[in-house]
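Notes for the one structure printed next.
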There are 2 protein chains.
Amino acid sequence: MKDLTEIRKEIDEIDRKLLELFEYRMKLSLNVAEYKKKEDLPVYDPEREKEKLKKLRDMVKIHENADAVSDLFTQIMLLSRRAQYNALMVFDDFGFEAVENFGANIATKIAYYGEIGSYTEQAMLEYFKGQGTGIAMKTFEEVMMSLKNGQADYGVLPIENSSTGTLSDIFDLLAEYDNYIIGEHVVTVDHNLWGLPGADISKVKRVYSHPQALLQCSDFLKKHPYIEQIEGGSTASCARRILQENDLSQAAIASKRAGEAYGLELLQTSIHNEEHNRTRFIIISNKRRYLSQANRISICFVLPHRSGALYHILSHFIHNNVNLTRIESRPTKGKAFSYRFFVDFEGSLNNAQIKNALYSIKQEALELKILGSYIPI
Amino acid sequence: MKDLTEIRKEIDEIDRKLLELFEYRMKLSLNVAEYKKKEDLPVYDPEREKEKLKKLRDMVKIHENADAVSDLFTQIMLLSRRAQYNALMVFDDFGFEAVENFGANIATKIAYYGEIGSYTEQAMLEYFKGQGTGIAMKTFEEVMMSLKNGQADYGVLPIENSSTGTLSDIFDLLAEYDNYIIGEHVVTVDHNLWGLPGADISKVKRVYSHPQALLQCSDFLKKHPYIEQIEGGSTASCARRILQENDLSQAAIASKRAGEAYGLELLQTSIHNEEHNRTRFIIISNKRRYLSQANRISICFVLPHRSGALYHILSHFIHNNVNLTRIESRPTKGKAFSYRFFVDFEGSLNNAQIKNALYSIKQEALELKILGSYIPI
């Protein structure tokens with residue numbers, strides 16, 4: 001058996017030759033790019049690449065190497081394609097425009113999910129600094145629709161830690177509607193005990209709240225075992241009920257905003273357990289705009305259900321040194337054997353490497369949509 | 001300018017040489033594997049690979065090629081490593097054992113999230129065919145705990161389309177606890193109108209249900225505008241309230257199981273809108289077992305937040321022709337700059353290629369956990 005140093009020396013020598021051949025191949029592929037530019041031919045020719053791989057597999061001497069050879073040359077052709085995209089200076093900004101700020105004034109209409117006093121309304125008030133007029137919507141889709149039909153200028157939706165819907169539903173809707181994420185906002189869930197004006201905590205017999213809010217206040221409720229816990233709808237609707245039922249022995253667990261919106265009296269502040277429950281919201285618009293300082297991009301693309309499809313698309317991020325911060329796959333509705341991927345990554349839509357990566361993905365995925373660019377929280 | 005056919009001929013010639021060198025390199029790397037086996041050295045030596053890449057980058061003639069050369073040789077070393085893993089026949093089954101079935105009998109205790117009459121209880125009854133004794137739990141974590149401390153043999157949790165929690169929370173818990181997915185079950189949400197025995201739909205004045213259930217029955221409720229809609233907690237708790245408040249003018253929208261569990265009278269069947277709302281559940285156990293026919297595997301692994309980390313891990317799936325069916329990233333709690341990935345893929349834990357892929361991922365990821373193997377629905 002050869003000794004390790006000896007084998008490694010041989011490998012180093014082979015690598016030197018591989019490197020040399022590869023660099024010469026890259027030079028030739030830039031010649032191809034020039035030619036294709038002149039003749040207006042597309043860089044990506046999947047049929048030719050498939051044929052080429054088949055021929056190379058047929059040439060292997062050791063059968064066990066066939067898969068590795070496919071993988072190697074898939075990678076080589078990909079590297080050559082990326083060099084061609086770069087050389088041809090093909091970019092795509094998908095029609096997005098940078099702005100300095102998203103102004104809101106008294107005439108700005110902002111659709112939000114939920115009702116007055118909900119954490120989503122609170123997110124809206126905080127993000128737009130109290131400017132604009134809120135419009136309460138019963139479903140995520142109604143918020144999307146209101147932007148489409150011009151009823152609202154902006155929309156606010158919860159996307160994480162919400163008890164009334166899942167992030168994924170909203171991402172499916174974003175893929176479907178021509179609305180774009182322009183901002184993020186986080187609200188720290190702060191539960192308080194609210195009663196009618198004149199109510200006294202020692203006389204409260206029943207407390208209403210959302211099941212999750214009751215759980216999140218379990219330490220407080222254990223100390224008040226004489227108070228009956230009743231599960232209600234949203235925390236805001238429970239606050240509203242206290243006002244409507246006009247009974248001094250009833251209380252609700254709800255946010256500051258909800259208690260104040262319904263003119264209730266604060267019986268005890270911050271009664272939730274230690275954990276910090278935060279809910280993340282997105283701000284959406286139907287215009288392709290982003291803040292010039294935005295440094296996060298969300299996209300989605302559809303890929304066939306084939307081993308390797310995602311792997312090859314990801315290579316475009318790698319090459320451009322793009323860091324992914326989230327990836328999630330969802331089966332595409334009504335399309336068997338394909339998946340939609342939601343990917344967030346760092347960077348600006350204005351950056352040349354990012355525009356090149358997006359162009360490349362657009363060429364090779366079944367569908368690509370830019371969901372928006374924003375400052376993450 | 002050279003003509004396309006001519007350039008392609010040159011490229012074909014280079015590829016022939018690249019292929020030959022690559023096959024020779026693969027042969028040498030198998031010699032390395034033999035040597036490493038004899039000396040009991042690890043296949044993966046990240047430091048040596050890093051050094052090697054640096055040297056190769058320094059050798060490029062055209063500066064623009066440096067990134068592509070890194071990518072190419074990262075791939076070549078990966079292919080060589082995979083061949084070494086295969087040659088050394090290194091596998092890892094992570095201590096999982098195949099069984100013919102998961103028997104349940106009167107003594108089997110099954111923890112489920114929610115209360116009697118919930119859709120999760122229904123999923124439990126359907127999956128275990130009415131065998132075993134259900135134990136209602138208030139939180140997902142209590143279900144996890146009950147398996148850990150031996151209070152229950154199995155657990156049932158909703159993981160999709162649930163209005164009371166998100167899939168992601170449960171996956172975080174699965175990563176944390178030593179519990180494993182052994183099965184999936186789907187329940188089609190079927191909303192019905194329930195009243196007290198002797199109630200009459202024409203005399204119902206108020207209907208209680210979960211906010212989402214009220215929305216899902218909006219068509220029916222529009223036809224009965226005289227019925228006031230009141231948001232409550234879970235559909236099962238609303239059914240319970242009808243029994244407790246003993247008022248013939250009150251009704252609840254709830255499942256068949258919930259109405260029957262509380263001895264209510266069915267006033268109208270299947271009142272939900274057209275859409276088919278389905279909720280997916282998982283069955284969990286604290287034993288590393290799977291049904292021998294199981295053909296889906298769920299895993300999670302932690303990667304550093306570095307461009308390319310996911311890309312290189314995915315290559316192990318590609319090489320083994322493993323089809324991914326889901327991928328989702330989650331920030332790791334308390335660990336900055338790293339991510340946990342949840343990946344589902346097709347195949348059996350008993351398959352050699354899969355065991356090899358899992359072994360390779362275990363070598364190269366910061367952490368790897370097999371979440372379970374089951375028959376997907």
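Please note that chains go A, B, ... in the order of the structure tokens, that every chain numbers its residues from 1, and that ligands are numbered from 1 in the order shown.
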Discussion item. Please list as a ChimeraX atom specification every residue within 8 Å of A:Tyr154, counting only C-alpha atoms and excluding residues in the same chain fewer than 3 positions away.
Written reply: /A:109-111,147,283-286
Item to complete: Please give the complete set of residues from stretch 254-301 of chain A that DSSP, run on the backbone, assigns to alpha helix (DSSP H), formatted as a ChimeraX atom specification.
Response: /A:256-261
Can you write out the residues you just picked, keeping N, CA and C atoms, as a PDB file, in the first residue's frame?
ATOM      1  N   LYS A 256     -52.635  46.561  26.221  1.00  0.00           N
ATOM      2  CA  LYS A 256     -52.874  47.961  26.610  1.00  0.00           C
ATOM      3  C   LYS A 256     -53.822  48.608  25.606  1.00  0.00           C
ATOM      4  N   ARG A 257     -53.482  48.437  24.330  1.00  0.00           N
ATOM      5  CA  ARG A 257     -54.257  49.073  23.263  1.00  0.00           C
ATOM      6  C   ARG A 257     -55.724  48.628  23.317  1.00  0.00           C
ATOM      7  N   ALA A 258     -55.969  47.332  23.549  1.00  0.00           N
ATOM      8  CA  ALA A 258     -57.343  46.815  23.553  1.00  0.00           C
ATOM      9  C   ALA A 258     -58.124  47.405  24.725  1.00  0.00           C
ATOM     10  N   GLY A 259     -57.525  47.417  25.911  1.00  0.00           N
ATOM     11  CA  GLY A 259     -58.210  47.942  27.096  1.00  0.00           C
ATOM     12  C   GLY A 259     -58.554  49.416  26.915  1.00  0.00           C
ATOM     13  N   GLU A 260     -57.581  50.155  26.383  1.00  0.00           N
ATOM     14  CA  GLU A 260     -57.812  51.590  26.183  1.00  0.00           C
ATOM     15  C   GLU A 260     -58.846  51.831  25.101  1.00  0.00           C
ATOM     16  N   ALA A 261     -58.807  51.040  24.025  1.00  0.00           N
ATOM     17  CA  ALA A 261     -59.736  51.223  22.910  1.00  0.00           C
ATOM     18  C   ALA A 261     -61.180  51.051  23.381  1.00  0.00           C
TER      19      ALA A 261
END
Item to complete: Please report as a VMD selection string which residues of chain A come no farther than 7 Å from chain B, using only C-alpha atoms.
Response: chain A and resid 4 7 11 14 18 21 25 28 32 35 68 72 76 79 163 to 166 210 to 211 231 to 233 306 to 308 311 314 to 315 318 321 to 324 326 to 329
Selection above as a file: N, CA, C and O atoms, as a short mmCIF file (atom, residue, chain, number, x, y, z; two decimals), in the first residue's frame:
data_model
loop_
_atom_site.label_atom_id
_atom_site.label_comp_id
_atom_site.auth_asym_id
_atom_site.auth_seq_id
_atom_site.Cartn_x
_atom_site.Cartn_y
_atom_site.Cartn_z
N LEU A 4 0.54 7.67 2.76
CA LEU A 4 -0.39 8.80 2.60
C LEU A 4 0.27 10.02 1.93
O LEU A 4 -0.32 10.62 1.02
N ILE A 7 0.57 9.42 -1.81
CA ILE A 7 -0.71 9.53 -2.54
C ILE A 7 -1.11 11.01 -2.65
O ILE A 7 -1.55 11.47 -3.70
N ILE A 11 -2.08 13.33 -5.83
CA ILE A 11 -3.35 14.06 -5.92
C ILE A 11 -3.08 15.54 -6.22
O ILE A 11 -3.74 16.15 -7.08
N ILE A 14 -2.35 15.98 -9.83
CA ILE A 14 -3.58 15.89 -10.64
C ILE A 14 -4.38 17.18 -10.52
O ILE A 14 -4.88 17.71 -11.52
N LEU A 18 -5.90 19.59 -13.30
CA LEU A 18 -7.34 19.86 -13.37
C LEU A 18 -7.59 21.37 -13.40
O LEU A 18 -8.40 21.87 -14.19
N LEU A 21 -6.70 22.87 -16.83
CA LEU A 21 -7.72 22.55 -17.83
C LEU A 21 -8.99 23.35 -17.58
O LEU A 21 -9.63 23.84 -18.50
N ARG A 25 -10.93 25.92 -19.95
CA ARG A 25 -12.33 25.68 -20.30
C ARG A 25 -13.17 26.94 -20.02
O ARG A 25 -14.07 27.28 -20.80
N LEU A 28 -12.72 29.34 -22.84
CA LEU A 28 -13.50 28.94 -24.01
C LEU A 28 -14.98 29.25 -23.81
O LEU A 28 -15.67 29.67 -24.74
N VAL A 32 -17.83 31.32 -25.96
CA VAL A 32 -19.20 30.89 -26.29
C VAL A 32 -20.18 32.02 -25.97
O VAL A 32 -21.10 32.32 -26.74
N TYR A 35 -20.15 34.69 -28.54
CA TYR A 35 -20.84 34.20 -29.73
C TYR A 35 -22.36 34.26 -29.53
O TYR A 35 -23.10 34.72 -30.38
N ALA A 68 -20.77 10.29 -9.82
CA ALA A 68 -19.85 11.37 -9.44
C ALA A 68 -19.48 12.21 -10.65
O ALA A 68 -19.37 13.44 -10.56
N LEU A 72 -19.97 16.12 -11.09
CA LEU A 72 -18.83 17.00 -11.38
C LEU A 72 -19.12 17.89 -12.58
O LEU A 72 -18.93 19.10 -12.53
N ILE A 76 -19.45 21.86 -13.28
CA ILE A 76 -18.58 22.59 -14.21
C ILE A 76 -19.42 23.43 -15.19
O ILE A 76 -19.12 24.60 -15.44
N LEU A 79 -20.76 26.43 -13.36
CA LEU A 79 -19.74 27.47 -13.15
C LEU A 79 -19.50 28.24 -14.45
O LEU A 79 -19.33 29.46 -14.44
N SER A 163 -51.63 33.37 16.95
CA SER A 163 -52.46 32.22 17.29
C SER A 163 -53.63 32.11 16.33
O SER A 163 -54.44 31.22 16.41
N THR A 164 -53.70 33.04 15.39
CA THR A 164 -54.89 33.04 14.53
C THR A 164 -54.59 32.62 13.10
O THR A 164 -55.44 32.72 12.24
N GLY A 165 -53.40 32.17 12.84
CA GLY A 165 -53.08 31.76 11.48
C GLY A 165 -51.61 31.46 11.41
O GLY A 165 -50.86 31.82 12.30
N THR A 166 -51.20 30.82 10.35
CA THR A 166 -49.79 30.48 10.27
C THR A 166 -49.11 31.31 9.21
O THR A 166 -49.73 31.73 8.24
N HIS A 210 -58.24 34.77 25.19
CA HIS A 210 -57.88 33.76 24.21
C HIS A 210 -57.18 32.62 24.96
O HIS A 210 -56.43 32.89 25.91
N PRO A 211 -57.42 31.35 24.57
CA PRO A 211 -56.82 30.23 25.29
C PRO A 211 -55.31 30.38 25.50
O PRO A 211 -54.79 30.08 26.57
N GLU A 231 -62.47 30.66 28.13
CA GLU A 231 -61.81 30.84 26.84
C GLU A 231 -62.70 31.65 25.91
O GLU A 231 -63.87 31.31 25.73
N GLY A 232 -62.16 32.68 25.32
CA GLY A 232 -62.91 33.47 24.36
C GLY A 232 -62.19 33.50 23.04
O GLY A 232 -61.25 32.75 22.82
N GLY A 233 -62.62 34.39 22.14
CA GLY A 233 -61.95 34.54 20.85
C GLY A 233 -60.66 35.31 21.05
O GLY A 233 -59.91 35.03 21.97
N ARG A 306 -37.42 16.98 -8.05
CA ARG A 306 -36.37 16.14 -8.64
C ARG A 306 -35.16 16.29 -7.74
O ARG A 306 -34.82 17.40 -7.33
N SER A 307 -34.53 15.18 -7.41
CA SER A 307 -33.33 15.23 -6.59
C SER A 307 -32.32 16.15 -7.26
O SER A 307 -32.00 15.98 -8.44
N GLY A 308 -31.84 17.16 -6.57
CA GLY A 308 -30.83 18.03 -7.15
C GLY A 308 -31.33 19.38 -7.59
O GLY A 308 -30.54 20.30 -7.77
N TYR A 311 -30.54 21.95 -5.01
CA TYR A 311 -29.08 22.02 -4.90
C TYR A 311 -28.49 22.93 -5.97
O TYR A 311 -27.67 23.80 -5.71
N LEU A 314 -29.41 26.63 -5.45
CA LEU A 314 -28.66 27.24 -4.34
C LEU A 314 -27.26 27.67 -4.76
O LEU A 314 -26.69 28.60 -4.20
N SER A 315 -26.70 26.98 -5.76
CA SER A 315 -25.34 27.32 -6.18
C SER A 315 -25.24 28.78 -6.62
O SER A 315 -24.19 29.39 -6.49
N ILE A 318 -24.49 30.72 -3.53
CA ILE A 318 -23.14 30.45 -3.05
C ILE A 318 -22.13 31.27 -3.82
O ILE A 318 -21.29 31.95 -3.27
N ASN A 321 -21.79 34.72 -2.94
CA ASN A 321 -21.55 34.95 -1.51
C ASN A 321 -22.76 35.50 -0.79
O ASN A 321 -22.67 36.37 0.07
N VAL A 322 -23.92 35.02 -1.18
CA VAL A 322 -25.16 35.48 -0.58
C VAL A 322 -25.49 34.55 0.60
O VAL A 322 -25.49 33.33 0.44
N ASN A 323 -25.76 35.13 1.76
CA ASN A 323 -26.11 34.35 2.94
C ASN A 323 -27.62 34.17 3.04
O ASN A 323 -28.36 35.15 3.13
N LEU A 324 -28.08 32.92 3.07
CA LEU A 324 -29.51 32.67 3.27
C LEU A 324 -29.84 32.85 4.75
O LEU A 324 -29.04 32.49 5.61
N ARG A 326 -33.34 32.20 5.68
CA ARG A 326 -34.50 31.34 5.87
C ARG A 326 -34.73 30.57 4.58
O ARG A 326 -34.50 31.09 3.50
N ILE A 327 -35.17 29.33 4.72
CA ILE A 327 -35.63 28.57 3.55
C ILE A 327 -36.79 27.73 4.00
O ILE A 327 -36.80 27.18 5.11
N GLU A 328 -37.82 27.67 3.18
CA GLU A 328 -38.99 26.86 3.51
C GLU A 328 -39.63 26.38 2.23
O GLU A 328 -39.80 27.15 1.29
N SER A 329 -39.97 25.10 2.19
CA SER A 329 -40.64 24.58 1.00
C SER A 329 -42.11 24.39 1.30
O SER A 329 -42.49 24.10 2.43
#
Worksheet item: Between B:Ser348, B:Asn101, B:Asn356, B:Ser202, which one has atoms that come closest to B:Gln84, using only C-alpha atoms?
Response: B:Asn356
Discussion item. With DSSP run on the backbone, what are the strand (DSSP E) residues within stretch 69-259 of chain A? I'd like them as a ChimeraX atom specification.
Written reply: /A:97-99,109-113,133-137,154-160,180-188,192-195,206-209,228-231,250-254
I'd like the contact shell of B:Phe96 - 12 Å cut-off, only C-alpha atoms, skipping same-chain residues fewer than 4 positions apart - returned as a CSV table (one decimal) with N, CA, C and O atoms, in the first residue's frame.
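Output file part31.csv is given in full below:
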chain,number,residue,atom,x,y,z
B,92,ASP,N,-24.8,4.5,9.5
B,92,ASP,CA,-25.3,4.8,10.8
B,92,ASP,C,-26.8,4.7,10.8
B,92,ASP,O,-27.4,5.4,10.0
B,180,TYR,N,-39.9,10.7,19.0
B,180,TYR,CA,-39.8,10.4,17.6
B,180,TYR,C,-41.2,10.3,16.9
B,180,TYR,O,-42.1,9.7,17.5
B,181,ILE,N,-41.2,10.8,15.7
B,181,ILE,CA,-42.5,10.6,14.9
B,181,ILE,C,-42.6,9.2,14.5
B,181,ILE,O,-41.7,8.7,13.8
B,182,ILE,N,-43.7,8.6,14.8
B,182,ILE,CA,-43.9,7.2,14.3
B,182,ILE,C,-45.1,7.1,13.3
B,182,ILE,O,-45.2,6.1,12.6
B,286,ASN,N,-41.4,7.7,22.6
B,286,ASN,CA,-40.1,8.0,23.0
B,286,ASN,C,-39.1,6.9,22.7
B,286,ASN,O,-38.0,6.8,23.1
B,287,LYS,N,-39.6,5.9,21.9
B,287,LYS,CA,-38.7,4.8,21.5
B,287,LYS,C,-38.3,5.0,20.0
B,287,LYS,O,-39.0,5.4,19.2
B,288,ARG,N,-37.0,4.6,19.7
B,288,ARG,CA,-36.5,4.7,18.3
B,288,ARG,C,-37.0,3.6,17.5
B,288,ARG,O,-36.2,2.6,17.2
B,289,ARG,N,-38.2,3.6,17.1
B,289,ARG,CA,-38.8,2.5,16.3
B,289,ARG,C,-39.5,3.1,15.1
B,289,ARG,O,-40.0,4.3,15.1
B,290,TYR,N,-39.7,2.3,14.0
B,290,TYR,CA,-40.5,2.7,12.9
B,290,TYR,C,-41.1,1.5,12.3
B,290,TYR,O,-40.6,0.4,12.4
B,291,LEU,N,-42.2,1.7,11.6
B,291,LEU,CA,-42.9,0.6,10.9
B,291,LEU,C,-42.0,0.2,9.7
B,291,LEU,O,-41.4,1.0,9.0
B,292,SER,N,-41.9,-1.1,9.5
B,292,SER,CA,-41.0,-1.6,8.5
B,292,SER,C,-41.4,-1.1,7.1
B,292,SER,O,-40.5,-0.9,6.3
B,297,ILE,N,-38.7,10.0,6.0
B,297,ILE,CA,-37.8,10.2,7.1
B,297,ILE,C,-37.8,11.7,7.4
B,297,ILE,O,-37.7,12.5,6.4
B,348,SER,N,-36.2,4.6,3.2
B,348,SER,CA,-36.3,3.8,4.5
B,348,SER,C,-35.0,3.9,5.2
B,348,SER,O,-33.9,4.0,4.7
B,349,LEU,N,-35.2,4.0,6.6
B,349,LEU,CA,-34.0,4.0,7.4
B,349,LEU,C,-33.1,2.7,7.3
B,349,LEU,O,-32.0,2.7,7.7
B,350,ASN,N,-33.7,1.7,6.6
B,350,ASN,CA,-33.1,0.5,6.4
B,350,ASN,C,-32.2,0.4,5.2
B,350,ASN,O,-31.5,-0.5,4.9
B,355,LYS,N,-28.5,5.3,4.8
B,355,LYS,CA,-27.7,5.3,6.0
B,355,LYS,C,-26.3,5.9,5.8
B,355,LYS,O,-25.8,6.6,6.6
B,369,LYS,N,-30.2,15.1,14.2
B,369,LYS,CA,-31.1,14.3,14.9
B,369,LYS,C,-32.1,13.7,13.9
B,369,LYS,O,-32.7,14.4,13.1
B,370,ILE,N,-32.4,12.4,14.1
B,370,ILE,CA,-33.4,11.7,13.3
B,370,ILE,C,-34.7,11.9,14.0
B,370,ILE,O,-34.8,11.5,15.2
B,371,LEU,N,-35.7,12.6,13.4
B,371,LEU,CA,-36.9,12.9,14.1
B,371,LEU,C,-37.9,11.8,14.0
B,371,LEU,O,-38.9,11.7,14.8
B,372,GLY,N,-37.6,10.8,13.1
B,372,GLY,CA,-38.5,9.7,13.0
B,372,GLY,C,-38.7,9.3,11.6
B,372,GLY,O,-38.3,10.0,10.6
B,373,SER,N,-39.3,8.1,11.4
B,373,SER,CA,-39.7,7.6,10.1
B,373,SER,C,-41.1,7.0,10.2
B,373,SER,O,-41.4,6.4,11.1
Would you kindly return, as a compact mmCIF listing (two decimals) with N, CA and C atoms, in the first residue's frame, each protein, DNA or RNA residue with an atom no farther than 12 Å from any atom of B:Glu228, considering only C-alpha atoms and excluding same-chain residues fewer than 3 positions away?
# COMPACT_ATOMS: atom_id res chain seq x y z
N LYS B 203 -85.20 28.26 16.50
CA LYS B 203 -85.28 29.05 17.74
C LYS B 203 -83.91 29.41 18.32
N VAL B 204 -82.83 29.03 17.58
CA VAL B 204 -81.48 29.33 18.07
C VAL B 204 -81.20 30.83 17.88
N LYS B 205 -80.74 31.49 18.95
CA LYS B 205 -80.47 32.93 18.89
C LYS B 205 -78.98 33.25 18.88
N ARG B 206 -78.17 32.36 19.50
CA ARG B 206 -76.74 32.60 19.60
C ARG B 206 -75.97 31.35 19.22
N VAL B 207 -74.88 31.53 18.48
CA VAL B 207 -74.02 30.38 18.17
C VAL B 207 -72.59 30.69 18.61
N TYR B 208 -71.99 29.75 19.34
CA TYR B 208 -70.63 29.90 19.82
C TYR B 208 -69.69 29.03 18.99
N SER B 209 -68.53 29.56 18.66
CA SER B 209 -67.49 28.71 18.08
C SER B 209 -66.16 29.45 18.06
N LEU B 214 -66.19 29.88 12.76
CA LEU B 214 -67.28 30.78 12.34
C LEU B 214 -67.03 31.25 10.91
N LEU B 221 -73.99 30.78 7.94
CA LEU B 221 -74.38 31.83 8.89
C LEU B 221 -75.04 33.02 8.19
N LYS B 222 -74.62 33.28 6.94
CA LYS B 222 -75.26 34.37 6.17
C LYS B 222 -76.74 34.05 5.92
N HIS B 224 -78.60 32.55 7.96
CA HIS B 224 -79.29 32.62 9.25
C HIS B 224 -78.86 33.89 9.98
N PRO B 225 -79.20 35.05 9.40
CA PRO B 225 -78.68 36.31 9.94
C PRO B 225 -79.22 36.62 11.34
N GLU B 231 -67.64 34.58 19.40
CA GLU B 231 -66.35 33.88 19.33
C GLU B 231 -66.02 33.24 20.67
N SER B 249 -81.78 28.21 23.49
CA SER B 249 -81.59 29.16 22.38
C SER B 249 -80.13 29.26 21.96
N GLN B 250 -79.24 28.48 22.61
CA GLN B 250 -77.82 28.54 22.28
C GLN B 250 -77.36 27.30 21.51
N ALA B 251 -76.44 27.50 20.57
CA ALA B 251 -75.89 26.38 19.81
C ALA B 251 -74.39 26.57 19.67
N ALA B 252 -73.70 25.49 19.29
CA ALA B 252 -72.25 25.57 19.05
C ALA B 252 -71.93 24.94 17.71
Discussion item. Would you compute the distance between atom CA of B:Glu265 and atom CA of B:Ala236? Give it in Å to one decimal.
Written reply: 14.3 Å
